[in-house]
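**Q** Coordinates in model31.cif, mmCIF, C-alpha atoms, are listed below.
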data_final
#
loop_
_atom_site.label_atom_id
_atom_site.label_comp_id
_atom_site.auth_asym_id
_atom_site.auth_seq_id
_atom_site.Cartn_x
_atom_site.Cartn_y
_atom_site.Cartn_z
CA MET Q 9 -8.85 -25.78 8.58
CA LYS Q 10 -9.05 -24.17 5.14
CA ILE Q 11 -7.41 -20.76 4.69
CA ALA Q 12 -7.92 -18.72 1.54
CA PHE Q 13 -5.32 -16.18 0.41
CA THR Q 14 -5.98 -13.55 -2.24
CA SER Q 15 -2.94 -14.09 -4.39
CA LYS Q 16 -0.90 -12.65 -7.22
CA GLY Q 17 0.13 -16.13 -8.38
CA ASN Q 18 -1.32 -19.61 -8.60
CA ASP Q 19 0.72 -21.50 -6.01
CA LEU Q 20 1.87 -21.33 -2.39
CA ASP Q 21 5.06 -19.45 -3.34
CA ALA Q 22 3.09 -16.44 -4.51
CA GLN Q 23 2.59 -13.04 -2.90
CA VAL Q 24 -0.69 -12.03 -1.29
CA ASP Q 25 -2.63 -9.59 -3.49
CA ALA Q 26 -3.90 -6.66 -1.41
CA ARG Q 27 -7.16 -6.57 -3.38
CA PHE Q 28 -10.06 -8.88 -2.74
CA GLY Q 29 -12.54 -8.55 -5.61
CA ARG Q 30 -10.01 -8.15 -8.36
CA CYS Q 31 -7.22 -10.44 -7.16
CA PRO Q 32 -6.10 -12.70 -10.01
CA PHE Q 33 -6.00 -15.91 -7.93
CA ILE Q 34 -7.18 -17.29 -4.63
CA VAL Q 35 -4.96 -19.97 -3.13
CA ILE Q 36 -6.72 -22.17 -0.57
CA LEU Q 37 -4.53 -24.04 1.87
CA ASN Q 38 -5.80 -27.00 3.82
CA THR Q 39 -3.73 -26.79 7.00
CA ASP Q 40 -4.55 -30.39 8.00
CA ASP Q 41 -2.85 -32.10 5.09
CA LYS Q 42 -0.95 -29.09 3.60
CA SER Q 43 -2.73 -29.57 0.27
CA PHE Q 44 -3.90 -26.58 -1.71
CA GLU Q 45 -6.43 -25.58 -4.33
CA VAL Q 46 -6.46 -22.55 -6.63
CA ILE Q 47 -9.36 -20.43 -7.85
CA ASP Q 48 -8.55 -18.67 -11.10
CA ASN Q 49 -10.11 -15.25 -10.65
CA GLN Q 50 -8.48 -13.46 -13.60
CA SER Q 51 -11.88 -12.96 -15.22
CA SER Q 52 -12.64 -10.45 -12.43
CA ALA Q 53 -10.70 -7.90 -14.49
CA ASP Q 54 -13.61 -7.97 -16.98
CA GLU Q 55 -16.28 -7.12 -14.41
CA ALA Q 56 -17.26 -3.46 -14.61
CA HIS Q 57 -18.96 -3.53 -11.22
CA GLY Q 58 -19.52 -5.99 -8.41
CA ALA Q 59 -16.21 -7.81 -8.73
CA GLY Q 60 -16.14 -8.30 -4.94
CA PRO Q 61 -19.49 -10.10 -4.55
CA LYS Q 62 -18.67 -12.31 -7.56
CA THR Q 63 -15.33 -13.31 -6.08
CA ALA Q 64 -17.07 -14.03 -2.76
CA GLN Q 65 -19.55 -16.21 -4.64
CA LYS Q 66 -16.71 -18.25 -6.17
CA LEU Q 67 -15.16 -18.62 -2.72
CA SER Q 68 -18.46 -19.87 -1.32
CA GLU Q 69 -17.97 -23.23 -3.03
CA TYR Q 70 -14.81 -24.06 -1.13
CA ASP Q 71 -15.94 -24.20 2.47
CA CYS Q 72 -13.18 -21.97 3.82
CA ASN Q 73 -12.84 -20.96 7.47
CA VAL Q 74 -10.52 -18.02 7.05
CA LEU Q 75 -9.71 -15.45 4.38
CA ILE Q 76 -6.38 -13.62 4.45
CA THR Q 77 -6.03 -10.54 2.26
CA GLY Q 78 -4.62 -7.01 2.14
CA ASN Q 79 -7.24 -4.32 2.51
CA GLY Q 80 -10.36 -6.43 2.81
CA PRO Q 81 -13.54 -6.72 0.78
CA GLY Q 82 -15.95 -3.84 0.12
CA GLY Q 83 -19.30 -3.69 1.90
CA ASN Q 84 -21.32 -6.00 -0.36
CA ALA Q 85 -18.70 -8.73 -0.52
CA ALA Q 86 -18.13 -8.45 3.24
CA THR Q 87 -21.83 -9.13 3.91
CA LEU Q 88 -21.69 -12.26 1.79
CA LEU Q 89 -18.50 -13.53 3.43
CA GLU Q 90 -19.99 -12.93 6.84
CA LYS Q 91 -22.99 -15.10 5.91
CA LEU Q 92 -20.55 -17.81 4.83
CA ASN Q 93 -18.95 -17.64 8.30
CA ILE Q 94 -15.54 -16.86 6.87
CA ASP Q 95 -13.31 -14.92 9.26
CA ILE Q 96 -11.42 -12.21 7.43
CA TYR Q 97 -7.91 -11.08 8.37
CA ILE Q 98 -6.26 -8.11 6.66
CA GLY Q 99 -2.89 -6.43 6.44
CA ALA Q 100 -1.14 -9.20 4.50
CA GLY Q 101 -0.86 -7.28 1.20
CA ASP Q 102 2.42 -7.99 -0.65
CA MET Q 103 3.53 -10.60 1.94
CA LEU Q 104 4.52 -14.04 0.70
CA ILE Q 105 1.73 -16.52 1.45
CA ASP Q 106 4.05 -18.36 3.81
CA ASP Q 107 4.83 -15.16 5.73
CA ALA Q 108 1.14 -14.25 5.80
CA LEU Q 109 0.37 -17.67 7.27
CA ASN Q 110 3.01 -17.18 9.97
CA ALA Q 111 1.62 -13.72 10.69
CA PHE Q 112 -1.85 -15.22 11.02
CA ASN Q 113 -0.64 -18.00 13.32
CA SER Q 114 1.10 -15.48 15.56
CA ASN Q 115 -2.05 -13.31 15.71
CA SER Q 116 -0.37 -10.35 14.06
CA LEU Q 117 -2.94 -9.86 11.31
CA LYS Q 118 -5.85 -7.52 11.94
CA LYS Q 119 -9.37 -8.94 12.06
CA PHE Q 120 -11.56 -7.17 9.48
CA MET O 25 7.00 0.90 -4.59
CA LYS O 26 4.33 2.80 -2.67
CA GLU O 27 0.88 3.69 -3.86
CA ILE O 28 -0.45 7.05 -2.61
CA VAL O 29 -4.09 7.87 -3.33
CA VAL O 30 -5.55 11.38 -3.08
CA ILE O 31 -9.26 11.40 -2.43
CA SER O 32 -11.90 13.87 -1.25
CA GLY O 33 -15.40 12.41 -1.04
CA LYS O 34 -16.91 15.79 -1.94
CA GLY O 35 -16.07 17.45 -5.25
CA GLY O 36 -14.58 20.94 -5.51
CA THR O 37 -12.30 20.70 -2.49
CA GLY O 38 -9.15 21.24 -4.56
CA LYS O 39 -8.12 17.59 -4.73
CA THR O 40 -6.89 17.69 -8.30
CA SER O 41 -5.11 21.06 -7.85
CA ILE O 42 -3.22 19.60 -4.91
CA THR O 43 -2.57 16.31 -6.72
CA ALA O 44 -1.08 18.27 -9.64
CA SER O 45 1.29 20.01 -7.21
CA PHE O 46 2.27 16.65 -5.71
CA ALA O 47 2.79 15.31 -9.22
CA TYR O 48 5.18 18.19 -9.89
CA LEU O 49 7.05 17.64 -6.61
CA ALA O 50 7.30 13.88 -7.26
CA ARG O 51 8.02 14.26 -10.97
CA SER O 52 11.30 12.36 -10.97
CA VAL O 53 10.23 9.49 -8.70
CA ALA O 54 6.58 8.80 -9.54
CA VAL O 55 4.13 7.48 -12.07
CA ILE O 56 0.82 9.35 -12.01
CA ALA O 57 -2.56 7.65 -12.41
CA ASP O 58 -5.73 9.67 -12.95
CA CYS O 59 -8.57 7.51 -11.65
CA ASP O 60 -11.05 10.37 -11.43
CA VAL O 61 -12.21 9.28 -14.86
CA ASP O 62 -15.79 10.55 -14.77
CA ALA O 63 -14.53 14.10 -15.02
CA ALA O 64 -10.81 13.72 -15.50
CA ASP O 65 -9.01 17.04 -15.48
CA LEU O 66 -5.51 16.39 -14.16
CA HIS O 67 -4.40 16.39 -17.80
CA LEU O 68 -5.30 20.08 -18.06
CA ILE O 69 -2.29 20.84 -15.89
CA LEU O 70 -0.01 17.93 -16.75
CA LYS O 71 -0.58 18.43 -20.51
CA PRO O 72 0.30 14.88 -21.51
CA THR O 73 1.62 13.72 -24.86
CA ILE O 74 -0.14 10.45 -25.64
CA LYS O 75 2.26 7.57 -26.23
CA ARG O 76 -0.16 4.68 -26.30
CA LYS O 77 -3.92 4.59 -26.77
CA GLU O 78 -6.26 1.64 -26.15
CA ASN O 79 -10.00 1.18 -26.46
CA PHE O 80 -11.92 0.46 -23.28
CA TYR O 81 -14.92 -1.87 -23.43
CA SER O 82 -17.01 -2.38 -20.37
CA SER O 83 -20.76 -2.07 -20.52
CA PHE O 84 -23.17 -4.10 -22.61
CA GLU O 85 -25.93 -3.16 -24.98
CA ALA O 86 -28.73 -5.33 -26.37
CA LYS O 87 -28.91 -5.84 -30.14
CA ILE O 88 -31.97 -7.38 -31.80
CA ASP O 89 -31.47 -9.38 -34.99
CA PRO O 90 -34.46 -8.25 -37.11
CA VAL O 91 -34.35 -11.44 -39.22
CA ALA O 92 -34.50 -13.83 -36.28
CA CYS O 93 -37.02 -11.72 -34.31
CA ILE O 94 -40.58 -13.12 -34.39
CA GLY O 95 -42.09 -9.93 -32.95
CA CYS O 96 -43.52 -11.53 -29.79
CA GLY O 97 -42.79 -8.43 -27.69
CA LYS O 98 -41.56 -10.28 -24.59
CA CYS O 99 -38.41 -8.18 -24.54
CA GLU O 100 -40.33 -4.92 -24.56
CA ARG O 101 -42.50 -6.11 -21.66
CA VAL O 102 -39.61 -7.08 -19.38
CA CYS O 103 -37.38 -4.07 -20.06
CA ARG O 104 -37.34 -1.90 -16.94
CA PHE O 105 -35.64 0.93 -18.75
CA ASP O 106 -38.10 1.39 -21.63
CA ALA O 107 -35.21 0.81 -23.98
CA ILE O 108 -37.15 -1.40 -26.41
CA SER O 109 -39.88 -0.07 -28.64
CA SER O 110 -41.69 -1.34 -31.68
CA GLU O 111 -43.22 -0.06 -34.83
CA ASN O 112 -45.27 -2.53 -36.91
CA ARG O 113 -43.90 -5.35 -34.76
CA ILE O 114 -40.31 -4.41 -35.63
CA PHE O 115 -38.51 -4.20 -32.29
CA THR O 116 -35.51 -1.97 -31.75
CA VAL O 117 -33.27 -1.03 -28.82
CA ASN O 118 -32.64 2.58 -27.91
CA PRO O 119 -28.95 2.47 -26.93
CA LEU O 120 -29.25 5.55 -24.72
CA ASN O 121 -31.82 3.84 -22.52
CA CYS O 122 -30.32 0.34 -22.54
CA GLU O 123 -28.58 -0.40 -19.21
CA GLY O 124 -27.15 -3.68 -20.48
CA CYS O 125 -28.87 -5.87 -17.88
CA GLY O 126 -29.52 -8.70 -20.34
CA TYR O 127 -33.07 -9.49 -19.21
CA CYS O 128 -34.37 -9.24 -22.82
CA GLU O 129 -31.70 -11.66 -24.02
CA LYS O 130 -32.79 -14.11 -21.35
CA VAL O 131 -36.51 -14.07 -22.23
CA CYS O 132 -36.21 -14.01 -26.03
CA PRO O 133 -37.70 -17.36 -27.19
CA VAL O 134 -35.74 -17.43 -30.44
CA ASP O 135 -32.36 -16.07 -29.29
CA ALA O 136 -32.70 -13.03 -31.50
CA ILE O 137 -31.16 -10.74 -28.88
CA LYS O 138 -27.46 -10.64 -28.21
CA MET O 139 -25.68 -8.53 -25.62
CA THR O 140 -22.77 -6.79 -27.31
CA GLN O 141 -19.92 -5.01 -25.61
CA LYS O 142 -19.98 -1.26 -25.93
CA LEU O 143 -16.97 0.94 -26.56
CA ASP O 144 -17.00 3.06 -23.39
CA GLY O 145 -13.91 5.12 -23.94
CA GLU O 146 -10.16 5.05 -24.27
CA TRP O 147 -7.24 4.78 -21.90
CA TYR O 148 -3.78 6.17 -22.42
CA ILE O 149 -0.19 5.95 -21.37
CA SER O 150 1.25 9.42 -21.75
CA GLU O 151 4.24 11.51 -20.95
CA SER O 152 3.28 14.55 -18.90
CA ARG O 153 4.84 17.97 -19.33
CA TYR O 154 7.13 16.99 -16.40
CA VAL O 155 8.21 13.93 -18.45
CA THR O 156 6.65 11.85 -15.66
CA PRO O 157 4.49 9.03 -17.05
CA LEU O 158 0.73 9.54 -16.69
CA VAL O 159 -1.88 6.81 -17.08
CA HIS O 160 -5.34 8.21 -17.71
CA ALA O 161 -8.60 7.57 -19.51
CA LYS O 162 -11.45 9.30 -21.23
CA LEU O 163 -15.01 8.05 -21.18
CA GLY O 164 -17.68 8.63 -23.82
CA ILE O 165 -20.87 10.53 -23.08
CA GLY O 166 -23.38 8.51 -21.07
CA THR O 167 -20.80 5.96 -19.91
CA GLU O 168 -19.67 5.68 -16.32
CA ASN O 169 -16.49 5.09 -14.41
CA SER O 170 -16.16 1.63 -12.91
CA GLY O 171 -14.00 -0.40 -10.60
CA LYS O 172 -12.81 -2.16 -13.72
CA LEU O 173 -11.44 0.99 -15.33
CA VAL O 174 -9.85 2.23 -12.10
CA ALA O 175 -8.18 -1.15 -11.54
CA LEU O 176 -6.92 -1.12 -15.11
CA VAL O 177 -5.46 2.41 -14.89
CA LYS O 178 -3.82 1.62 -11.54
CA ASN O 179 -2.40 -1.70 -12.71
CA VAL O 180 -0.88 -0.17 -15.83
CA ALA O 181 0.63 2.62 -13.68
CA LYS O 182 2.06 0.08 -11.22
CA GLN O 183 3.60 -1.99 -14.01
CA LEU O 184 5.15 1.17 -15.49
CA ALA O 185 6.54 2.13 -12.09
CA GLN O 186 8.08 -1.29 -11.63
CA LYS O 187 9.60 -1.27 -15.11
CA SER O 188 11.07 2.20 -14.78
CA ASN O 189 12.14 1.83 -11.12
CA LYS O 190 9.87 4.58 -9.80
CA ASP O 191 9.21 4.56 -6.05
CA ILE O 192 5.75 6.06 -6.05
CA VAL O 193 2.44 5.64 -7.84
CA LEU O 194 0.45 8.82 -7.22
CA VAL O 195 -3.27 8.30 -7.80
CA ASP O 196 -5.87 11.01 -8.27
CA GLY O 197 -8.76 9.03 -6.79
CA SER O 198 -12.41 8.84 -7.77
CA PRO O 199 -15.18 10.73 -5.97
CA GLY O 200 -17.79 9.15 -3.68
CA ILE O 201 -17.53 5.86 -1.80
CA GLY O 202 -18.75 3.41 -4.43
CA CYS O 203 -17.17 0.78 -6.64
CA PRO O 204 -14.56 3.06 -8.30
CA VAL O 205 -13.42 4.36 -4.89
CA ILE O 206 -13.14 0.86 -3.45
CA SER O 207 -11.01 0.06 -6.47
CA SER O 208 -8.97 3.28 -6.02
CA LEU O 209 -8.21 2.47 -2.38
CA SER O 210 -7.65 -1.25 -2.71
CA GLY O 211 -3.93 -1.94 -2.59
CA ALA O 212 -3.00 1.62 -1.57
CA HIS O 213 -0.29 2.27 1.04
CA PHE O 214 -1.42 5.76 2.01
CA VAL O 215 -4.52 7.82 1.41
CA VAL O 216 -4.58 11.63 1.44
CA PHE O 217 -7.95 13.20 2.20
CA VAL O 218 -8.43 16.68 0.78
CA THR O 219 -11.43 18.38 2.33
CA GLU O 220 -12.88 21.79 3.13
CA PRO O 221 -14.58 23.06 6.31
CA SER O 222 -18.15 22.86 5.02
CA VAL O 223 -21.06 20.68 6.15
CA SER O 224 -20.98 18.59 2.98
CA GLY O 225 -17.17 18.49 2.94
CA ILE O 226 -17.04 17.05 6.45
CA HIS O 227 -19.94 14.67 5.83
CA ASP O 228 -18.37 13.20 2.68
CA LEU O 229 -14.94 13.04 4.29
CA LYS O 230 -16.32 10.95 7.15
CA ARG O 231 -17.94 8.53 4.71
CA VAL O 232 -14.79 8.00 2.70
CA TYR O 233 -12.73 7.82 5.92
CA GLU O 234 -14.87 4.91 7.12
CA LEU O 235 -14.03 3.03 3.96
CA ALA O 236 -10.29 3.72 4.25
CA ALA O 237 -10.32 2.78 7.96
CA LYS O 238 -12.08 -0.50 7.16
CA PHE O 239 -9.36 -1.18 4.60
CA ASN O 240 -6.72 -0.44 7.25
CA ILE O 241 -4.95 2.16 5.11
CA SER O 242 -2.93 4.89 6.83
CA ALA O 243 -4.35 8.31 6.10
CA GLY O 244 -3.48 11.98 6.12
CA LEU O 245 -5.72 15.04 6.07
CA ILE O 246 -5.41 18.31 4.18
CA ILE O 247 -7.94 21.07 4.92
CA ASN O 248 -8.23 23.39 1.96
CA LYS O 249 -9.96 26.79 2.15
CA SER O 250 -9.50 26.41 5.91
CA ASP O 251 -10.46 30.04 6.71
CA LEU O 252 -13.97 29.61 5.29
CA ASN O 253 -15.11 28.36 8.68
CA HIS O 254 -12.58 28.30 11.54
CA GLU O 255 -14.86 26.36 13.84
CA LYS O 256 -15.34 23.56 11.32
CA THR O 257 -11.62 23.54 10.55
CA ASN O 258 -10.98 22.95 14.27
CA ASP O 259 -13.59 20.18 14.24
CA LEU O 260 -11.77 18.55 11.35
CA ILE O 261 -8.43 18.77 13.11
CA SER O 262 -9.88 17.07 16.22
CA PHE O 263 -11.54 14.46 14.00
CA ALA O 264 -8.12 13.69 12.52
CA GLU O 265 -6.54 13.45 15.99
CA GLN O 266 -9.27 11.18 17.33
CA ASN O 267 -9.05 8.82 14.39
CA ASN O 268 -5.31 8.56 14.06
CA ILE O 269 -5.25 10.48 10.79
CA LEU O 270 -1.99 12.32 10.15
CA PHE O 271 -2.82 16.03 9.95
CA LEU O 272 -0.84 17.27 6.97
CA GLY O 273 -1.82 20.92 7.19
CA GLN O 274 -4.29 23.56 6.14
CA ILE O 275 -4.43 26.01 3.27
CA PRO O 276 -6.46 29.22 3.60
CA TYR O 277 -8.63 30.25 0.67
CA ASN O 278 -6.26 31.50 -1.99
CA GLU O 279 -6.70 33.02 -5.42
CA ASN O 280 -3.53 31.28 -6.59
CA PHE O 281 -5.55 28.12 -7.08
CA THR O 282 -7.58 29.85 -9.78
CA GLN O 283 -4.72 31.88 -11.23
CA ALA O 284 -2.46 28.82 -11.52
CA MET O 285 -5.28 26.91 -13.19
CA ILE O 286 -5.84 29.69 -15.73
CA LYS O 287 -2.16 29.53 -16.61
CA GLY O 288 -2.31 25.73 -16.77
CA LEU O 289 0.24 25.36 -13.98
CA SER O 290 0.29 23.58 -10.66
CA ILE O 291 0.26 25.89 -7.63
CA VAL O 292 3.85 25.11 -6.64
CA GLU O 293 5.05 26.07 -10.12
CA PHE O 294 2.89 29.19 -10.24
CA SER O 295 4.39 30.91 -7.24
CA ASP O 296 6.81 30.39 -4.43
CA ASP O 297 4.79 31.97 -1.63
CA GLU O 298 3.49 30.59 1.68
CA ILE O 299 0.87 28.38 -0.01
CA SER O 300 3.50 26.66 -2.11
CA LYS O 301 5.71 26.17 0.92
CA THR O 302 2.79 24.61 2.79
CA ILE O 303 2.09 22.20 -0.08
CA ARG O 304 5.78 21.26 -0.30
CA GLN O 305 5.81 20.55 3.44
CA MET O 306 2.70 18.39 3.09
CA TRP O 307 4.32 16.31 0.38
CA THR O 308 7.49 15.91 2.46
CA LYS O 309 5.40 14.73 5.41
CA ILE O 310 3.64 12.17 3.19
CA VAL O 311 6.87 10.84 1.72
CA ASN O 312 8.51 10.60 5.15
CA PHE O 313 5.50 8.74 6.53
CA VAL O 314 5.27 6.32 3.63
CA GLU O 315 8.98 5.54 3.64
CA ASN O 316 9.06 4.71 7.34
#
Would you write out, as structure tokens, the structure that this file holds?
**A**
Amino acid sequence: MKIAFTSKGNDLDAQVDARFGRCPFIVILNTDDKSFEVIDNQSSADEAHGAGPKTAQKLSEYDCNVLITGNGPGGNAATLLEKLNIDIYIGAGDMLIDDALNAFNSNSLKKF
Amino acid sequence: MKEIVVISGKGGTGKTSITASFAYLARSVAVIADCDVDAADLHLILKPTIKRKENFYSSFEAKIDPVACIGCGKCERVCRFDAISSENRIFTVNPLNCEGCGYCEKVCPVDAIKMTQKLDGEWYISESRYVTPLVHAKLGIGTENSGKLVALVKNVAKQLAQKSNKDIVLVDGSPGIGCPVISSLSGAHFVVFVTEPSVSGIHDLKRVYELAAKFNISAGLIINKSDLNHEKTNDLISFAEQNNILFLGQIPYNENFTQAMIKGLSIVEFSDDEISKTIRQMWTKIVNFVEN
């Protein structure tokens, strides 16, 4: 399974960023082999509008099953993510990715 | 560090007047961010001294190179905003009409059109009259607030708070429920709704509440001008109860709001009457909630 985390940093030691559209990085963990990939999303700071849908578009290329974030995407991005069949879990803002993963595994994150 | 966002949905509910009072009450522990950039007016009360000023570029505008242009007119035909016109086959862009979509740039056969970034306004780090740092911005005429600008103002405020060991970032949020509001709410720990008992006040509150609920942000409700319509005030209180919104209190219509504004003061500075006590209690409730 591939789990994407909106992240403040570019590795698995980073904190989850509460924002979706304008998070600087997305860290994608493959739980089968513990490998990870990183999407550099820092350019989202330059988008005047529609940062969420653009971030969702970038995510669409990675075949993720789950997205873990803080507050969740806005309406437009949420529609796109739903079409991509990505389950969204929220409430992980400011947690370390590792802690967010544990929270997800113990069903303590809220489904968006 | 906790981020508290004050928001209203509808304009004219007293959001900024109440935010200014909160800013005064939190003056030693907070950094203030004014994200209501379309019509920013928190600075009228906080009277900031600007410490740092930066240009803000966001939107785009088409520019036609008259030397490269072959006068084919494709750009004029595709422009949905009637921003391109011609005289004797010389094509020009009217910057007031150009929405920056870039369609003309795409269809130009000789690459004579370039999208250039427009100076939309300025943003500032300032020291308010309370010495509390204030991050704010000013947009030019015809430019609009955006999620980008809100995110920028909030991020600068958060960095300042971290650097100066402040516990709270107090955000005067943007109106509506669009991109700037999504950006105002994203990452917040608590949202304060300031509303009034009117049809439009309640309608807009419910819209912005839906957004905050979706984002799973704890919320509190302040009913301003609560004696305008007692029935609607009661409706609002039950709405808060049903939706797990912390009811922070109500303020009857009061001339102090106007009088304080005329003097350039927040309400809690202007007088020490019941209204001020109520606002102080509201802020205490918020801080207690956020800290637990």
**Q** Quick one, how far is CA of Thr73 (chain O) from CA of Gly288 (chain O)?
**A**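 Going from CA of Thr73 (chain O) over to CA of Gly288 (chain O) covers 15.0 Å.
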**Q** Could you work out how far CA of Gly36 (chain O) lies from CA of Asn253 (chain O), giving the answer in Å with one decimal?
**A**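 Taking CA of Asn253 (chain O) and CA of Gly36 (chain O), their separation equals 16.0 Å.
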**Q** Just the number, please: distance in Å from CA of Gly83 (chain Q) to CA of Ile226 (chain O), one decimal.
**A** 21.4 Å
**Q** Evaluate the PyMOL selection byres ((chain Q) within 6 of (chain O)) here and jot the selected residues down as a ChimeraX atom specification.
**A** /Q:26-27,56-57,79-80
**Q** Would you translate the PyMOL selection byres ((chain O and resi 34) around 7) into the concrete set of residues it matches in this file, as a list in words?
**A** Ser32, Gly33, Gly35, Gly36, Thr37, Pro199, Gly200, Ser224, Gly225 and Asp228 of chain O
**Q** Residues at most 10 Å from Ala64 (chain O), counting only C-alpha atoms, excluding those fewer than 4 positions away in the same chain, as number ranges by chain?
**A** O: 40, 58-60, 68, 160-163, 196, 198
**Q** For each of Q:Asn93, Q:Ala85, Q:Asn115, Q:Cys31, take the minimum atom-to-atom distance to Asp71 (chain Q), counting only C-alpha atoms, then give the residue where this is smallest.
**A**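 For Asp71 (chain Q), the nearest of the given residues is Q:Asn93.
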**Q** Draw an axis-aligned box over all listed atoms of region 281-289 of chain O, pad each side with 4 Å, and write its centre and edge lengths in Å, one decimal, as JSON.
**A**
{"center_x": -3.7, "center_y": 28.6, "center_z": -11.9, "size_x": 15.8, "size_y": 14.5, "size_z": 17.7}
**Q** My list of candidates is Q:Leu92, Q:Gly101, Q:Leu117, Q:Asp106. Which is closest to Asp19 (chain Q) when distances are computed with all atoms listed in the file?
**A**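 The closest residue to Asp19 (chain Q) is Q:Asp106.
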**Q** Which protein, DNA or RNA residues have an atom at most 12 Å from (-2.7, 17.6, 10.7), counting only C-alpha atoms? List them as a VMD selection string.
**A** chain O and resid 216 to 218 243 to 248 257 to 275 302 305 to 306 309 to 310
